[in-house]
Structures are given as C-alpha cells and as structure tokens.
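Colleague: My questions will all concern the structure given below.
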Amino acid sequence: MDRSLPVWVLAAVALVVLMALPLGWLAYVSVSGVEGATLAHYRRVFTDPPLQKALWNTVVLAFWVGLASLLLGAPMAWLTARTDLPGTRLIRGLILASFVTPPFLGAFAWVMLAGPNAGLLNKIYRSLTGADEPLVNVFSMPGLIFVVSIYTFPYVFIMIANTLELIASDLEEAASILGAGRLRVALTVTLPMVLPAIASGFILAVLQALALFGSPAILALPAGFHTITTQIWAMFQYPPKVEMAAAFSVPLFLATALLLLLQKRLLGRRGYATVGGKGGQRRRLPLGPWRWPALAGCLAVMACSIFLPYAILAKAAAARAWAQPLTLDNLTLGNLALTFGHDGTRAAIWNTLELGVMTACVGAGLAALLAYTANRRLIPGHQFLAFLTLAPVAIPGIVLAVALFVAYTRPPLMLYGSLWILFVAYLTKELPVGYSQSDATFKGIHPELEEAGRILGAGRLRVLAEITAPLARSGIIATWCFVFIGVIRELSASIILFTPNTKVLSVVIFDLKEEGQFGAIAVLGIFMLAMTFAVVVAMQKLLGRDFVSVKE
Amino acid sequence: MPGVRLEGLTKRYGDVAAVDGLDLHVQPGELVSLLGPSGCGKTTTLRLVAGFLRPEAGEIHVGERCLSSVTAVVPPERRRMAMIFQSYALWPHMTVAQNVGYGLRFRAGTSKADRQARVTEMLRVVQLAGYESRYPGELSGGQQQRVAVARALVVEPEILLLDEPLSNLDANLREEMRFEIRRLHETFGITTLYVTHDQAEAMVISDRVAVLHRGRVAQVGSAEDLFQRPRTRFVAEFVGRTNLLDGVAAAADVVARGSLRLRVAAGGFAPGSDVVLSIRPHQIELLAPDGSAPAGHNVLDGTVERVSYLGDALDYQIRVSGSDVVLRVTAPPPARCHPGERARVAVAPESCVPLSGAQEE
C-alpha cells in the first residue's frame, strides 16, 4: 500500500540490531564459563579486593565530581542568567569551550601544570618559596576529582542556566507583590523551580564521571589506583579476560541506567513544562560592588579549565622541552614536523576524519529517519523507537566497546580489526544525541505542512524530499556537527576496539603518553581542538544561537 | 461535480470514539459546515474525508468512488481534494507563487506556462496580484490566509476541505473573510466541507450546517432550521441562546411545570410524558404589568430579577410567579422595567419548541 513503509521499517530494524546484538552478547558472555552458565565472574567482581577497591574509587570519584560540578556550575549559571554580571557572553562562550574540550586533553595539560616534579605550578611554587615538596600533586584522587570537575561542570551549568532563562520574572514578582521578601522569593519560588534542574545536573555530572576513561587512565594509573573504566581496560591487556570485563561492565551499565531513570523522574514531574512562559521579561539582579569579585571568581574557574591548559598545550607544542622556559632557542617547529611527518599519525588522522564524516552522515541520516518515523507515527511500535534510540545514553563508552568486542569478534559479523567496528561503536554512542536533535527539529515542523502537500497530490516520499527535508535542513546539519564532534574526540570505546591498523587520533594521543612525548600530544591536541571549534562555530552560524541554548 | 456521502463513519482513539457512526450527505456544489464544540469529532471527520486517517467502520464516497472503507483507504494525494488548514500550512521555504503552483504539478497536462498563468490568475482572484515572489513570512495573517485559499482553489479540486481557517485572524478580518469565502464558493461552486466551532461563521458561510455532538450528527439543516426548530437539547443550547424548560405533558398540546402551563403549537404529546421546551429569549414579548397579549399566546406573570444593558438590546431575567423558572428575555432598549418590579410576558405557542432526547444531558 504505502510505498514508503519499507524505509521506516528498515531504519527501525537497523536500530534494533544495533542495540540488541551487543547488549545481548555482553549479558551472555558475562555469565558464560567453561562449563555452561556461571555467576563466578560476578562473584569475583564483588569479592576480589582490588576490584572492590576500583568500584569504591569510582563511587568516590563520581560523587565528588557531581558535588564539585554543582558548586561550580550552579552559581555561575545564576550569575550569568539572572544578574548584571559583566561579560556574560564571554563567560558563556568559555564554558561552551570547556564543554567541547576533550577531558583527556585537559588531563594531559594538568599533568604538565601540576605534575609533582616538572609541573609548572609546582616549579613556580618551589622557586618562590624554596620548598622541596610540591604544592599540588595531580596524580591523586583529589587531583583527579579536580581535573574531571572543571570539564564536567558545564553540564550542570547548561541545565540550570537554561531553566533560569525560562523562568519569567513575573512568577517571582507575583510572590513579591504578595509580600515575600527577596530571600523568601528565592527560597520559595525560584529555588523549587530550579531544583529539578539542579538535581538532574548533579546526576548528569555523576554519569560523566562514571563513564570517563581518559582522565582516570592518565591521572589515577600513575598514582597507583584504578577506577571501573581503567580496570575494564586493564582486563583487555594481554592476556585479555573478556568475561571478567563483561561482568565488570554490567554494574556500571545498571548504575548508569538507574541514575538516568531517576533523572527522568525528577525532570518529568515538574520540570521545564511548568516553567514555560517565553513572553515574560527577566529582570537582572544588580550585584552592586560584588560585580567584579563575581567576575573574577568566574574567570578563575575558566583559567583552570581553559586559559592555563590551553596555554601550556600551546607552549608544549612550540617548545623543544615543554618544562623549560619558552626562550628563543627553546622554540621549534620540530614538534609539528615530527607529529605530522609520522606515517602512523597521519593514518590515524585520516581514520579519524573518515570515521567522523562517515558516522556523522549515517548517524544524522538514521537519527532523522527514526525521529521522523516516531514523530509521524509511521509504523506500529513507533513508541519504542525513541526509547531504543536513547538507550545507549545508559551505556558508558567502555561498556559499549566491551559489548561490541564480544559481539563482532565472532560470526556472523567479524568486524573486529577493521574500521567498521569503530564505526558501529561511534554510531551507537552518538545516536541518542543525534536523535534528540532530530526530534526537536521535526517537532518544530507542523504536520499540516506535510499534509498540505499530500492533499494537493504529492506522495509521502515526495513530500519528505520537497517539503520536510528543506525545512529540517539546518537542524539535520546541526545533528551532523554534533555527531562529528563526538566522534573525533571519542576515546573510551576506541581504546578497546582499535588495532594497530585502525588507530584513531585520540588513541594516538593516549599512546604518546607512554612515550612521554608531550610536544606531539600538544600538537595533536590543538589540532583536535581546532577541528572541534571550527565545527562549533559553523554550527553556531547555522542555528543563529549557541547550540546548547534554549532561546533563539 | 460530485457530492460526498459519509456512512456510519467511526474512528476511535484508544477506547474513545472521536467519530461514532456518523452519517452525512453533502450535495454536489453544496457548502456544509461541521459545527460543534471542541472534542465533538469535527476535525477528525474532516481528516477522515481527507484520507489522513483510516476509519474503523463506515465508508466515505465521493460521487461513485469509494475513497475510504475499513479495508481500503485511497491516499490523500489521489483524492482530488484540496484543504485549507488552521495553521494555513504555507511552506516557508517556497515563494507565494511556488506555494500556489505546487499542486498544479501533479495535475496531468498542465504545461509550465499554463501553470504560471493559472497561478497569476488565481492570485488576482484573491487580491494578491504582484505578491508572486514574496515568502509567506513576509505576509500578514490575512494575506497568508488568501495564499492558502489560492493554493487550494487553483487545482480545481472536486472537494474542498477547510479546517477552522479563520480562527487565527482578528475579529474584523474574520468577518471580512467569511464573506470572501462565501463569495469564492458562489464563484467556483466546489463541494465544500467547512469545520468551525463558531456558529455565526457557520451560519454566514454555509448552505447547510451539521451540528456534531459526541461524534455524531445531532442535526443538519439550514441556519434558520437549526435556530427555529432545534431538535435536541444540545442543538438548542449550542446554536444561539435559549431558555430550556423541563416539564410534563398535561395534555396533548400543554406542558406543565408546577403551576405553570404552556400551550405548545407542535403538540401531540402523550399526557404524563416528560417534555423539554426551548424558548428563544427574543421570542418572548415583554408586556406592561397589566397589558394584554394577542389571543392564543401564553401569558406569564413574574418579577424582574436582573436587567443587563448590552448596547443594542437589554437582557432581562424574570422569575415566573409560583414556579422556580427564571426566563431570559431579550428586548430592544429603552428599559421597560427594573429589578424588583412586576412584569408580564407573552409567548406564542409556535415559539415553544419541544425537543427530543429529554434524558440526554
């Protein structure tokens, strides 16, 4: 009957295969022993002291990162959204920059800044005080928490700032006119409305910390402790213990899923829906003499997450020896030549670009098809499409990688060893982001626009091509950019799935750490950042607003 | 020019029947409004006719063609219809000319030059000549409305569907567009279904009005039919204001409520049965307290409870002596009596209209 039906059904089937195959195998392998089903792997995960320690470390890390992100993100969100803080555009831009900075680059930068021996800050401290002991040691749990937090707080910031932007001042004025003082208004009206955003920002930060591989690998391993993600990675070193890794992945997956469920409930009950009212004016609170100290505080945070790390990366890229002062004879273009002259590195850059473009094209296309199918209710069971597409949010990258490794190192699909397995990993991982973007795009296109085409004589596919696609174009391109940025910085899945012939940029950077080649790391890091920012700026132009903002 | 027949049409959403066994025949060239409150199933009916929805029961025929049945639904693009949407649904990425010309591309045997000529001519008809290269975003609400009308009419559809097309316009423009749509209908004579919740709009525009209630046609007829001879309580209340009076038949042509007795022209009741009467406020005549009425009229005495000044009329609430009935009476100014004073009213037996479905809420 409807000739377009196969398109939608195929997209849905692709989705189911993409999700079900790896997760099914993951569960299967985690309980498979030499003699049939066994719970031995799980028993070890929860009883083996080193593994227990890794679990505990992850809990500590995630909790403190969540809290620290809240303490950094919430005040800054309030300052930029509701007060007359000077330079709010600048602050917002800087926070977006730290949002898109790959956390593992930040971790490398902080190794150079706060390593106990050669770290720049410690050297300055020693030369100023004459002390022998370092001021700070980034190779420690507090160091790790700090470095992760300064790249995670933007999640909290965005959640809260966007909510504050939507609360019209008349809601607060309604309380004032009834006799509530300023503090009372803040406590009884504003705070309860932002509370879901605060809680869910906290959960988001915790989730980031749970799933992160790069920063713990760079900072925790030298300090001699493991987190779940680094432990899973270690299980993949020779000889690989895949069953253990699988069993270790499942608690991480469940914890993530549980937290997401909690977040959904928090936001669902009285989230943004009640906050509506775009017409309302928002009056900004005058800070008075506190304007400049507040600005200084914000800039101090940004110094930790942007200025200092970027500066040290730039220095390391341009210096023969990154720890020495940047004098004329320490300046060199050698790092550049060395890095890009290396065949393996060049191959990795090409792999990354190839994967980025491929995943972005297929991902944006698939996400658009799925979002369209769900929005227009084109097939039976369309209600489940959104759920399935968003499910990978609950799968940390490293867990996904373990699952894919298990699924695609055996027939019928032997993808391991080729770029395809990375492609599948990236596609799965980026699908939720792509879907959310596309979903918002199609929600903004009134169905009557399509129906008007139908009733005048155009079939569904023609309407899709001539009416829907042009209207959705900028939204779909934005989706493409989102996916591309996500792919070129991906580390935690790549680190499990790469082979010597299929290295990608992030893996090369990670490997260079073993060789202590900070100059090359810096060059590649800056290269990666440059690509990212180019895409971000293009996207900004396209959407006419910064890409995480709620207002046009 | 074919007509439209809807027979036993049913559409459910979950357990709720939005359209529930609806029957309606539209004559060739006729403009019929589907009138009703929100949730009565009027838009669902229109979307069933357009082929956007598949019925769970019933059939839709246009002329000799069966377009929708439980087993087969002709897709919208092959129904030779046009539709004007509540949101206008103008494509923002196309110019006015491209919007209007879109449907012509699917009409066989129209050359490009031919299409352009017809677009230009149609834009002239809707008074938008010279706007060809504008984008919809550059037009006012009323102009967008005209583009939507032009886009629908230029393809010379067999059936034209309109879904509350005027609800986004301001009051003055709305009134103007009512006459415009009626004029276009008289020019082109296309069989038309028009959905609205505005009774004045329905009455001005339509040849006949179908009042929908709970997914069925409660009554269909000319505006005058519906107003003068409502058949159900729902129609009497929904179309214009009215006094509803629950009583018992005292004789074949007399309805009683307490000590109140009303003679009804369209009688024939079984004595003792429940009867609901509808009496329009402007059909009640206000007399002097001791005045006399034409012979045969029902004369009632009462007390004025409230008088409201409405500019071109006065609205009186009069409590009838010896009963719990409060009648609303509309009369032209100046005020003839004041709250607390005694008043006498007269009602012709022809103005007391018995309704069916006394038990319906």
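Naming scheme: A, B, ... for chains in displayed order of the structure tokens; residues 1 onward per chain; ligands 1 onward as shown.
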For chain A, report every residue with an atom at most 9 Å from chain B (counting only C-alpha atoms), formatted as a ChimeraX atom specification.
Modeller: /A:2,446-460,467,470-471
Colleague: Among region 130-338 of chain B, which residues does DSSP mark as strand (DSSP E) when it is run on the backbone? Keep the chain and numbering as in the structure and answer as a VMD selection string.
Modeller: chain B and resid 159 to 163 191 to 196 208 to 213 216 to 221 243 to 251 254 to 257 260 to 263 274 to 279 284 to 287 298 to 309 314 to 320 326 to 331
Colleague: Determine, counting only C-alpha atoms, which protein, DNA and RNA residues have an atom within 10 Å of an atom of Arg229 (chain B); residues of the same chain fewer than 2 positions away are not included. Present the result as a compact mmCIF listing (two decimals) with N, CA and C atoms, in the first residue's frame.
Modeller:
```
# COMPACT_ATOMS: atom_id res chain seq x y z
N GLY B 221 -29.18 21.06 8.92
CA GLY B 221 -30.21 21.86 8.28
C GLY B 221 -29.70 23.24 7.99
N ALA B 223 -29.39 27.32 8.50
CA ALA B 223 -29.20 28.07 9.73
C ALA B 223 -30.54 28.35 10.39
N GLU B 224 -31.53 28.68 9.59
CA GLU B 224 -32.85 29.00 10.14
C GLU B 224 -33.49 27.77 10.78
N ASP B 225 -33.38 26.63 10.09
CA ASP B 225 -33.88 25.37 10.64
C ASP B 225 -33.35 25.14 12.05
N LEU B 226 -32.01 25.26 12.16
CA LEU B 226 -31.37 24.95 13.44
C LEU B 226 -31.82 25.92 14.51
N PHE B 227 -32.00 27.16 14.11
CA PHE B 227 -32.32 28.16 15.11
C PHE B 227 -33.78 28.08 15.52
N ARG B 231 -33.79 20.29 17.27
CA ARG B 231 -34.45 19.03 17.59
C ARG B 231 -33.97 18.46 18.92
N THR B 232 -32.76 18.82 19.33
CA THR B 232 -32.30 18.28 20.61
C THR B 232 -31.89 19.42 21.52
N VAL B 235 -28.53 20.91 20.51
CA VAL B 235 -28.56 21.86 19.39
C VAL B 235 -29.16 23.19 19.84
N ALA B 236 -30.26 23.11 20.61
CA ALA B 236 -30.92 24.33 21.08
C ALA B 236 -29.96 25.18 21.90
N SER B 278 -37.81 24.51 24.30
CA SER B 278 -36.83 25.56 24.07
C SER B 278 -37.58 26.82 23.68
N SER B 351 -43.60 29.45 19.40
CA SER B 351 -42.23 29.70 19.86
C SER B 351 -41.78 28.72 20.94
N CYS B 352 -42.70 27.91 21.42
CA CYS B 352 -42.34 26.88 22.39
C CYS B 352 -42.01 25.61 21.61
N VAL B 353 -40.70 25.32 21.46
CA VAL B 353 -40.29 24.22 20.59
C VAL B 353 -39.94 22.99 21.44
N PRO B 354 -40.69 21.92 21.31
CA PRO B 354 -40.36 20.71 22.08
C PRO B 354 -39.12 20.03 21.50
N LEU B 355 -38.24 19.55 22.38
CA LEU B 355 -37.01 18.90 21.95
C LEU B 355 -37.09 17.42 22.21
```
Colleague: Find the spatial neighbours of Val32 (chain B), counting only C-alpha atoms, within a cut-off of 6 Å - ignore same-chain residues fewer than 6 positions away - and output them as a ChimeraX atom specification.
Modeller: /B:193,206-209
Colleague: Could you pull out the helix (DSSP H, G or I) residues of region 19-124 of chain A, going by DSSP on the backbone, and write them as a PyMOL selection string?
Modeller: chain A and resi 19-30+40-47+49-82+88-100+103-114+120-124
Colleague: Report the distance between CA of Ile203 (chain A) and CA of Gln437 (chain A) in Å, rounded to one decimal place.
Modeller: 21.1 Å
Colleague: Please report the interatomic distance between CA of Arg489 (chain A) and CA of Phe104 (chain A) in Å with one decimal.
Modeller: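 Here the two named atoms are 9.1 Å from each other.
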Colleague: Counting only C-alpha atoms, which of B:Gly101, B:Gly29, B:Gly39, B:Gly247 gets nearest to Leu277 (chain B)?
Modeller: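 That would be B:Gly247, the residue with the smallest distance to Leu277 (chain B).
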Colleague: Neighbours of region 314-322 of chain B within 9 Å (only C-alpha atoms; same-chain residues fewer than 4 positions away dropped), as JSON, numbers by chain?
Modeller: {"B": [258, 259, 260, 281, 300, 301, 302, 303, 304, 305, 306, 307, 308, 309, 310, 326, 327, 328, 329, 330, 331, 332, 333, 334, 335, 337, 338, 339, 342, 343, 344, 345]}
Colleague: Keeping only N, CA and C atoms, write the selected residues as an mmCIF file, in the first residue's frame.
Modeller:
```
data_model
loop_
_atom_site.group_PDB
_atom_site.id
_atom_site.type_symbol
_atom_site.label_atom_id
_atom_site.label_comp_id
_atom_site.auth_asym_id
_atom_site.auth_seq_id
_atom_site.Cartn_x
_atom_site.Cartn_y
_atom_site.Cartn_z
ATOM 1 N N GLY B 258 -44.931 22.730 37.674
ATOM 2 C CA GLY B 258 -45.567 23.350 38.830
ATOM 3 C C GLY B 258 -46.912 23.892 38.407
ATOM 4 N N SER B 259 -47.156 25.155 38.761
ATOM 5 C CA SER B 259 -48.439 25.747 38.409
ATOM 6 C C SER B 259 -48.387 26.396 37.030
ATOM 7 N N LEU B 260 -47.216 26.319 36.414
ATOM 8 C CA LEU B 260 -47.018 26.945 35.108
ATOM 9 C C LEU B 260 -47.612 26.063 34.006
ATOM 10 N N PRO B 281 -34.950 33.690 23.775
ATOM 11 C CA PRO B 281 -35.197 34.898 24.582
ATOM 12 C C PRO B 281 -35.871 36.020 23.800
ATOM 13 N N LEU B 300 -47.573 35.000 31.039
ATOM 14 C CA LEU B 300 -46.991 34.636 32.325
ATOM 15 C C LEU B 300 -46.687 35.890 33.121
ATOM 16 N N ASP B 301 -46.922 35.864 34.440
ATOM 17 C CA ASP B 301 -46.575 36.977 35.311
ATOM 18 C C ASP B 301 -45.358 36.601 36.144
ATOM 19 N N GLY B 302 -44.577 37.641 36.464
ATOM 20 C CA GLY B 302 -43.390 37.337 37.265
ATOM 21 C C GLY B 302 -42.744 38.594 37.822
ATOM 22 N N THR B 303 -41.535 38.412 38.361
ATOM 23 C CA THR B 303 -40.788 39.517 38.952
ATOM 24 C C THR B 303 -39.453 39.655 38.228
ATOM 25 N N VAL B 304 -39.070 40.913 37.981
ATOM 26 C CA VAL B 304 -37.777 41.136 37.332
ATOM 27 C C VAL B 304 -36.665 40.924 38.356
ATOM 28 N N GLU B 305 -35.699 40.069 38.044
ATOM 29 C CA GLU B 305 -34.592 39.842 38.973
ATOM 30 C C GLU B 305 -33.368 40.643 38.603
ATOM 31 N N ARG B 306 -33.135 40.794 37.301
ATOM 32 C CA ARG B 306 -31.894 41.440 36.872
ATOM 33 C C ARG B 306 -32.084 41.974 35.468
ATOM 34 N N VAL B 307 -31.517 43.136 35.206
ATOM 35 C CA VAL B 307 -31.553 43.698 33.857
ATOM 36 C C VAL B 307 -30.120 44.039 33.443
ATOM 37 N N SER B 308 -29.699 43.535 32.281
ATOM 38 C CA SER B 308 -28.345 43.858 31.805
ATOM 39 C C SER B 308 -28.442 44.632 30.504
ATOM 40 N N TYR B 309 -27.662 45.695 30.436
ATOM 41 C CA TYR B 309 -27.666 46.537 29.243
ATOM 42 C C TYR B 309 -26.590 46.030 28.282
ATOM 43 N N LEU B 310 -26.962 45.669 27.052
ATOM 44 C CA LEU B 310 -25.995 45.099 26.107
ATOM 45 C C LEU B 310 -25.772 45.995 24.906
ATOM 46 N N VAL B 326 -36.760 30.737 35.822
ATOM 47 C CA VAL B 326 -36.285 32.080 35.511
ATOM 48 C C VAL B 326 -36.113 32.152 33.996
ATOM 49 N N LEU B 327 -36.885 33.055 33.364
ATOM 50 C CA LEU B 327 -36.810 33.179 31.903
ATOM 51 C C LEU B 327 -35.885 34.318 31.533
ATOM 52 N N ARG B 328 -35.101 34.108 30.497
ATOM 53 C CA ARG B 328 -34.308 35.217 29.956
ATOM 54 C C ARG B 328 -35.079 35.786 28.778
ATOM 55 N N VAL B 329 -35.204 37.092 28.776
ATOM 56 C CA VAL B 329 -35.979 37.783 27.759
ATOM 57 C C VAL B 329 -35.093 38.855 27.143
ATOM 58 N N THR B 330 -35.028 38.907 25.821
ATOM 59 C CA THR B 330 -34.246 39.949 25.163
ATOM 60 C C THR B 330 -35.196 40.923 24.477
ATOM 61 N N ALA B 331 -34.992 42.205 24.725
ATOM 62 C CA ALA B 331 -35.844 43.204 24.095
ATOM 63 C C ALA B 331 -35.007 44.429 23.787
ATOM 64 N N PRO B 332 -35.400 45.209 22.772
ATOM 65 C CA PRO B 332 -34.625 46.417 22.444
ATOM 66 C C PRO B 332 -34.770 47.471 23.534
ATOM 67 N N PRO B 333 -33.770 48.361 23.678
ATOM 68 C CA PRO B 333 -33.883 49.455 24.636
ATOM 69 C C PRO B 333 -35.006 50.390 24.212
ATOM 70 N N PRO B 334 -35.467 51.269 25.042
ATOM 71 C CA PRO B 334 -35.024 51.503 26.419
ATOM 72 C C PRO B 334 -35.600 50.495 27.398
ATOM 73 N N ALA B 335 -35.072 50.487 28.626
ATOM 74 C CA ALA B 335 -35.538 49.553 29.646
ATOM 75 C C ALA B 335 -36.999 49.826 29.969
ATOM 76 N N CYS B 337 -38.716 47.885 32.419
ATOM 77 C CA CYS B 337 -38.977 47.618 33.828
ATOM 78 C C CYS B 337 -37.653 47.398 34.529
ATOM 79 N N HIS B 338 -37.677 47.387 35.850
ATOM 80 C CA HIS B 338 -36.448 47.376 36.624
ATOM 81 C C HIS B 338 -36.478 46.265 37.651
ATOM 82 N N PRO B 339 -35.321 45.886 38.183
ATOM 83 C CA PRO B 339 -35.280 44.795 39.150
ATOM 84 C C PRO B 339 -36.237 45.047 40.308
ATOM 85 N N ARG B 342 -42.808 44.127 39.049
ATOM 86 C CA ARG B 342 -43.583 43.048 38.466
ATOM 87 C C ARG B 342 -43.528 43.175 36.952
ATOM 88 N N ALA B 343 -43.628 42.065 36.256
ATOM 89 C CA ALA B 343 -43.600 42.114 34.788
ATOM 90 C C ALA B 343 -44.495 41.019 34.243
ATOM 91 N N ARG B 344 -44.938 41.228 33.015
ATOM 92 C CA ARG B 344 -45.782 40.222 32.363
ATOM 93 C C ARG B 344 -45.174 39.922 30.996
ATOM 94 N N VAL B 345 -45.085 38.650 30.622
ATOM 95 C CA VAL B 345 -44.541 38.292 29.308
ATOM 96 C C VAL B 345 -45.524 37.411 28.562
#
```
